[in-house]
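Engineer: If you scroll down you'll find the structure; I have some questions about it.
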There are 2 protein chains.
Amino acid sequence: MNGAESLARTLVASGVEVCFTNPGTSEMHFVAALDRVAEMRCVLALFEGVVTGAADGYARMAGKPAGTLLHLGPGFSNGLANLHNASRARVPIVNIVGDHASYHKRYDAPLTSDIETLARQYSAWLRTSMRAADVGRDGAEAIAAARRAPGIATLILPADTAWSEGGSIAAALPVIAPPLPAETTVEHVAAMLRSDKSAAIILAGNALFGPGLDSAGRIAAATGATLFSPYSTARIARGSGRAIVERVPYVVEQAVERMKDFRQIILVGTAAPVNFFAYPGRPSVPTSPDCEIYSLARPGEDLAGALAALADALGARRVEPRLYKPERGAAPGGAISLHGLAATVGALLPEGVIVVDESITSGRGMMAASRGAPPHDWLTNTGGSIGIGMPLAVGAAIASPGRPVLCLEADGSGMYTPQALWTMARESLDITVVIFANRAYQILKGEYANVGAGNMGPRALDMLEIGRPDLDWIALARGQGVPATRIADLDAFANALRAGLSSSGPKLIEVPL
Amino acid sequence: MNGAESLARTLVASGVEVCFTNPGTSEMHFVAALDRVAEMRCVLALFEGVVTGAADGYARMAGKPAGTLLHLGPGFSNGLANLHNASRARVPIVNIVGDHASYHKRYDAPLTSDIETLARQYSAWLRTSMRAADVGRDGAEAIAAARRAPGIATLILPADTAWSEGGSIAAALPVIAPPLPAETTVEHVAAMLRSDKSAAIILAGNALFGPGLDSAGRIAAATGATLFSPYSTARIARGSGRAIVERVPYVVEQAVERMKDFRQIILVGTAAPVNFFAYPGRPSVPTSPDCEIYSLARPGEDLAGALAALADALGARRVEPRLYKPERGAAPGGAISLHGLAATVGALLPEGVIVVDESITSGRGMMAASRGAPPHDWLTNTGGSIGIGMPLAVGAAIASPGRPVLCLEADGSGMYTPQALWTMARESLDITVVIFANRAYQILKGEYANVGAGNMGPRALDMLEIGRPDLDWIALARGQGVPATRIADLDAFANALRAGLSSSGPKLIEVPL
């Protein structure tokens, strides 16, 4: 067995069942190996940013890593921006990056680069496999490391390691359970929450769904603490019957205003809140200087377990949590407005839908309008590098067969990775993409003012507006095999949304703003 | 004056007249500065790979750097693959990369990354400007360094450096002339070429156009040496009246066969030839072990001067060079074939056209078919990272007003940076894009066999074919404002090509294969 096949079979043996791929010459032996390993689902993308964003979306919903297959340093580079986002989402991913044959590297052929240096920043685990005999073991370690962190493991596979004989399949390594925080930490947090100081609890990771969120809801009800998520979350369970969780606002003034009265903040799987950007004369953080910030559990620790222990310490296990009630209005109809679009989405979300939200300014009202919808999951851009929405939807759909996916996408963001539409079509994924076509980097118009850059002249405006020519998303979608429709009012939007969410295969709805 | 404005005005003072941009919040003060500096042409792209590829194309034709404006580490990452190609083209580029305000970095906000580590590999010059007072000087040094290498200079501009007062415009630094090789080196090469050993001269950089190519042609005629270019070249002057230059073949067997009889190879601005990839049981280089390889001038030295000195040493200054004769057939018409497409292109190229060739397997016959066409320039992918063609065409067109650009693009490669079409439309660039739609990564089918990966099953084929669904390039182009037509035979191709090359603004022609 050659190295490539030993790696493919090791991935499967460790539970990696999906590989998102964009291969080149140096990966042909791994492609040949995948050809023989039917247990692995291979999903081709036409651009590497789709590959890595899809792996992120898959991990968020499946709770385990997919593989990626990337071509040398430049192919890896094309996937980097969404690996940045994935590293901030703290999800497991196993990258397989082909490299030149080891003996060919010294000739500095045109595609030669230093992949390890490119990969180090976002890789919790990084190794170049130098012998076919090692690659199975290296693969098993990569998977275990990705699960444990959780984070990104990158295995560089030189072509001669892939094609040489002597490979052997490695058994799955034991999955090490994440550690619980110390009892003293739990007791300290319990004491803080028993005090009469106003408290916020900021939840991330798997504290935002399942048992972790359930415990957090009970703790909040027992202590009066307010539950928050960071502005960006890898995955949050929302809708009726789920614990009430606020989002730390993006806009600095709003965040400062919301956080100013809390005297203590408990962190669960996240760092202290920080503003997305710095602005002249404004603080870097939204919290007040006299607020005590204390971490119950760090990323990589057992967040759900920590919250269960805290609930026990507080005697809150059987306290009724405050939950969102099932309530929503009818779809409003009429002329297009951001408020009306949000109300329509809120009115029509079906139970179990996975919402991928990269709607930026257009979607600011979406979460408020959908809190009483049937139970669903909500995924956002965790690292701020736009162009993750549609790739994330691809991965989420592949991880969650039978669940519809709604991708709320801004037109500017969508143009970073439009190739995701093609993969949606090829794989017949049940994704409804809504494009909010305001024909501008609308958020930057606000940011231009926020940073005090003065009055905007026509040349600056030209760099922030993406009309002239207008993008025709109907054409862009159909050109990649995705049926598409442009809506003229909220009634048409509701009809298109209903149709998209209830039918199979991808659809795109362009909303002109 | 703030740091941002001092930088914008310094760029202009040093002759940087074009800035390809994809900005974000941290670059808003630089955008505001550009708004006030009318001497700078700002060109927006919807994806950073277009930004960096366009800067490469601009530099290849203008012979001087453009600026790029990129948003933090992830924006820079999206531009990396084409910076890989640009570093191999050895062209000057000045990257301006925004970063968080210096005091905001320690909070590790979502978009924080280590930009210097990402940038180091491809940057001949790299600096983070820490004070507004420094940024003008840093900018002038960046430009001088980019010109001198020639290569990529990356200046990281923290937001507070940009917005703080105290900036001052730096005067252009003197452009240091590249050094000539030592006289003894020239004499040694002259002696080699006077011997009766068969000789090849491999030219790169500006040895492939203008006075350098002219001298090379005379040297070849005087000595019987054969002129070559590497398989990939940043820019080569071709067509009738230009010196005859062969291309080292891509396919290993062909390269080995062509190079095997040369006993000495003279390098002018390039490294010894190396095969693009390694293949089991085949050599890494196409040259025979007993071939003497000697460098007349290294990259960064004065290649044209070195060739002029060599011509003098050989008494070849007035020797008539062997030039391509003006000869070409009529456009053939009839059914589509790769041979017929190449013949049609060869028959119709107008004088002065700039051909950007990323046609991969479909275009293998293009150069042979066009050698007798009127004088023109030919640009190819120098680093092997596909997705450079259309961005390169954008930059070449902006550098060369009045000259038509023909972009020969493979469908697989084109899908890495399809956003370039939008910039072509916005800037009304005279570019005709021909998409060779074979609906496969055709080259990989060959490589799969070449690396000995065995028989291809349906799962492997699925990763190498990009049909299912077929891409509709007419829709993809129109969706971004570029008129497009699909041709059914060579007569229609000739008509569309004539129309595209003789009219203003961008056009796209899809050639189904």
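By order in the structure tokens, chains are A, B, ...; within a chain, residues start at 1; ligands start at 1, following the order shown.
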Per residue of stretch 232-252 of chain B within 6 Å of stretch 377-380 of chain B, note the shortest atom pair and the distance in Å to one decimal, counting only C-alpha atoms, and order the rows by chain and increasing residue number, as CSV.

Structural biologist:
residue,atom,partner,partner_atom,distance
B:Ser232,CA,B:Thr380,CA,5.7
B:Thr233,CA,B:Thr380,CA,5.6
B:Ala234,CA,B:Leu379,CA,5.4
B:Arg235,CA,B:Leu379,CA,4.7
B:Ile236,CA,B:Trp378,CA,5.3
B:Ala237,CA,B:Asp377,CA,4.6
B:Arg238,CA,B:Asp377,CA,5.9

Engineer: What residues in stretch 276-373 of chain B get the DSSP label strand (DSSP E)? Please answer as a VMD selection string.

Structural biologist: chain B and resid 292 to 297 354 to 358

Engineer: Any chance you could export the current selection's N, CA and C atoms as a PDB file, in the first residue's frame?

Structural biologist:
ATOM      1  N   GLU B 292      27.194  21.638 -19.404  1.00  0.00           N
ATOM      2  CA  GLU B 292      27.703  22.712 -18.551  1.00  0.00           C
ATOM      3  C   GLU B 292      26.691  23.850 -18.524  1.00  0.00           C
ATOM      4  N   ILE B 293      26.271  24.237 -17.325  1.00  0.00           N
ATOM      5  CA  ILE B 293      25.293  25.318 -17.180  1.00  0.00           C
ATOM      6  C   ILE B 293      25.981  26.495 -16.507  1.00  0.00           C
ATOM      7  N   TYR B 294      25.920  27.640 -17.141  1.00  0.00           N
ATOM      8  CA  TYR B 294      26.690  28.792 -16.663  1.00  0.00           C
ATOM      9  C   TYR B 294      25.816  30.038 -16.752  1.00  0.00           C
ATOM     10  N   SER B 295      25.922  30.870 -15.743  1.00  0.00           N
ATOM     11  CA  SER B 295      25.046  32.047 -15.697  1.00  0.00           C
ATOM     12  C   SER B 295      25.793  33.292 -16.175  1.00  0.00           C
ATOM     13  N   LEU B 296      25.287  33.907 -17.235  1.00  0.00           N
ATOM     14  CA  LEU B 296      25.843  35.189 -17.691  1.00  0.00           C
ATOM     15  C   LEU B 296      25.399  36.303 -16.753  1.00  0.00           C
ATOM     16  N   ALA B 297      24.138  36.290 -16.389  1.00  0.00           N
ATOM     17  CA  ALA B 297      23.614  37.340 -15.501  1.00  0.00           C
ATOM     18  C   ALA B 297      22.475  36.759 -14.693  1.00  0.00           C
ATOM     19  N   ILE B 354      -1.505  42.458 -26.781  1.00  0.00           N
ATOM     20  CA  ILE B 354      -0.889  41.794 -25.629  1.00  0.00           C
ATOM     21  C   ILE B 354      -1.674  40.513 -25.389  1.00  0.00           C
ATOM     22  N   VAL B 355      -1.008  39.388 -25.506  1.00  0.00           N
ATOM     23  CA  VAL B 355      -1.680  38.111 -25.285  1.00  0.00           C
ATOM     24  C   VAL B 355      -1.355  37.629 -23.877  1.00  0.00           C
ATOM     25  N   VAL B 356      -2.376  37.385 -23.108  1.00  0.00           N
ATOM     26  CA  VAL B 356      -2.216  36.775 -21.782  1.00  0.00           C
ATOM     27  C   VAL B 356      -2.687  35.337 -21.918  1.00  0.00           C
ATOM     28  N   ASP B 357      -1.792  34.411 -21.653  1.00  0.00           N
ATOM     29  CA  ASP B 357      -2.054  33.016 -21.997  1.00  0.00           C
ATOM     30  C   ASP B 357      -2.097  32.151 -20.745  1.00  0.00           C
ATOM     31  N   GLU B 358      -3.310  31.811 -20.326  1.00  0.00           N
ATOM     32  CA  GLU B 358      -3.485  30.798 -19.283  1.00  0.00           C
ATOM     33  C   GLU B 358      -4.433  29.731 -19.822  1.00  0.00           C
TER      34      GLU B 358
END

Engineer: Considering only C-alpha atoms, return as a PyMOL selection string whatever protein or nucleic-acid residues lie within 7 Å of stretch 258-274 of chain A, sequence-local ones (same chain, fewer than 5 positions apart) excluded.

Structural biologist: (chain A and resi 197-205+284-288+290-299+303) or (chain B and resi 107+109)

Engineer: Check the smallest atom-to-atom distance from each of B:Ala484, B:Ala66, B:Phe493, B:Pro280 to A:Ser102 using only C-alpha atoms, then report the winner.

Structural biologist: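 Ranking B:Ala484, B:Ala66, B:Phe493, B:Pro280 by distance to A:Ser102, first place goes to B:Pro280.
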
Engineer: Hey, what's within 12 Å of A:Met40 if we count only C-alpha atoms and toss same-chain stuff fewer than 6 positions away? As a VMD selection string, please?

Structural biologist: (chain A and resid 5 7 to 21 31 33 to 34 66 to 68) or (chain B and resid 459 to 460)

Engineer: Of the candidates B:Thr344, B:Gln442, B:Thr223, B:Asn95, which one gets nearest to chain A if we count only C-alpha atoms?

Structural biologist: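 Residue with the minimum atom-to-atom distance to chain A: B:Gln442.
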
Engineer: How many Å lie between atom CA of B:Phe277 and atom CA of A:Glu27, rounded to one decimal?

Structural biologist: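 Going from atom CA of B:Phe277 over to atom CA of A:Glu27 covers 11.2 Å.
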
Engineer: For B:Gly281, work out the shell of residues within 12 Å, counting only C-alpha atoms and skipping chain neighbours fewer than 4 positions away, then give it as a VMD selection string.

Structural biologist: (chain A and resid 101 103 160 163 to 164) or (chain B and resid 252 450 to 452)

Engineer: What is the distance, in Å and to one decimal place, between atom CA of A:Glu48 and atom CA of A:Gly75?

Structural biologist: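 According to the coordinates, atom CA of A:Glu48 and atom CA of A:Gly75 are separated by 6.3 Å.
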
Engineer: Using only C-alpha atoms, which protein or nucleic acid residues come within 9 Å of B:Ala45? Drop anything in the same chain fewer than 6 positions from it, and give the result as JSON, numbers by chain.

Structural biologist: {"A": [463], "B": [20, 21, 22, 51, 419, 420, 422, 423]}

Engineer: Which of stretch 233-419 of chain A end up as helix (DSSP H, G or I) when DSSP is run on this backbone - answer as a VMD selection string?

Structural biologist: chain A and resid 252 to 259 303 to 313 338 to 348 360 to 363 366 to 369 389 to 399 411 to 414

Engineer: Need to verify the contact set: stretch 139-151 of chain A, 9 Å, only C-alpha atoms, exclusion of same-chain residues closer than 5 positions in sequence. Can you return it as an MDAnalysis selection string?

Structural biologist: chainID A and resid 6:8 10:11 13:16 63:65 86:96 122:127 129 134 169:178 299:300

Engineer: May I ask for the distance between atom CA of A:Tyr448 and atom CA of B:Ala162, given in Å to one decimal place?

Structural biologist: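 That distance, rounded to one decimal, is 13.1 Å.
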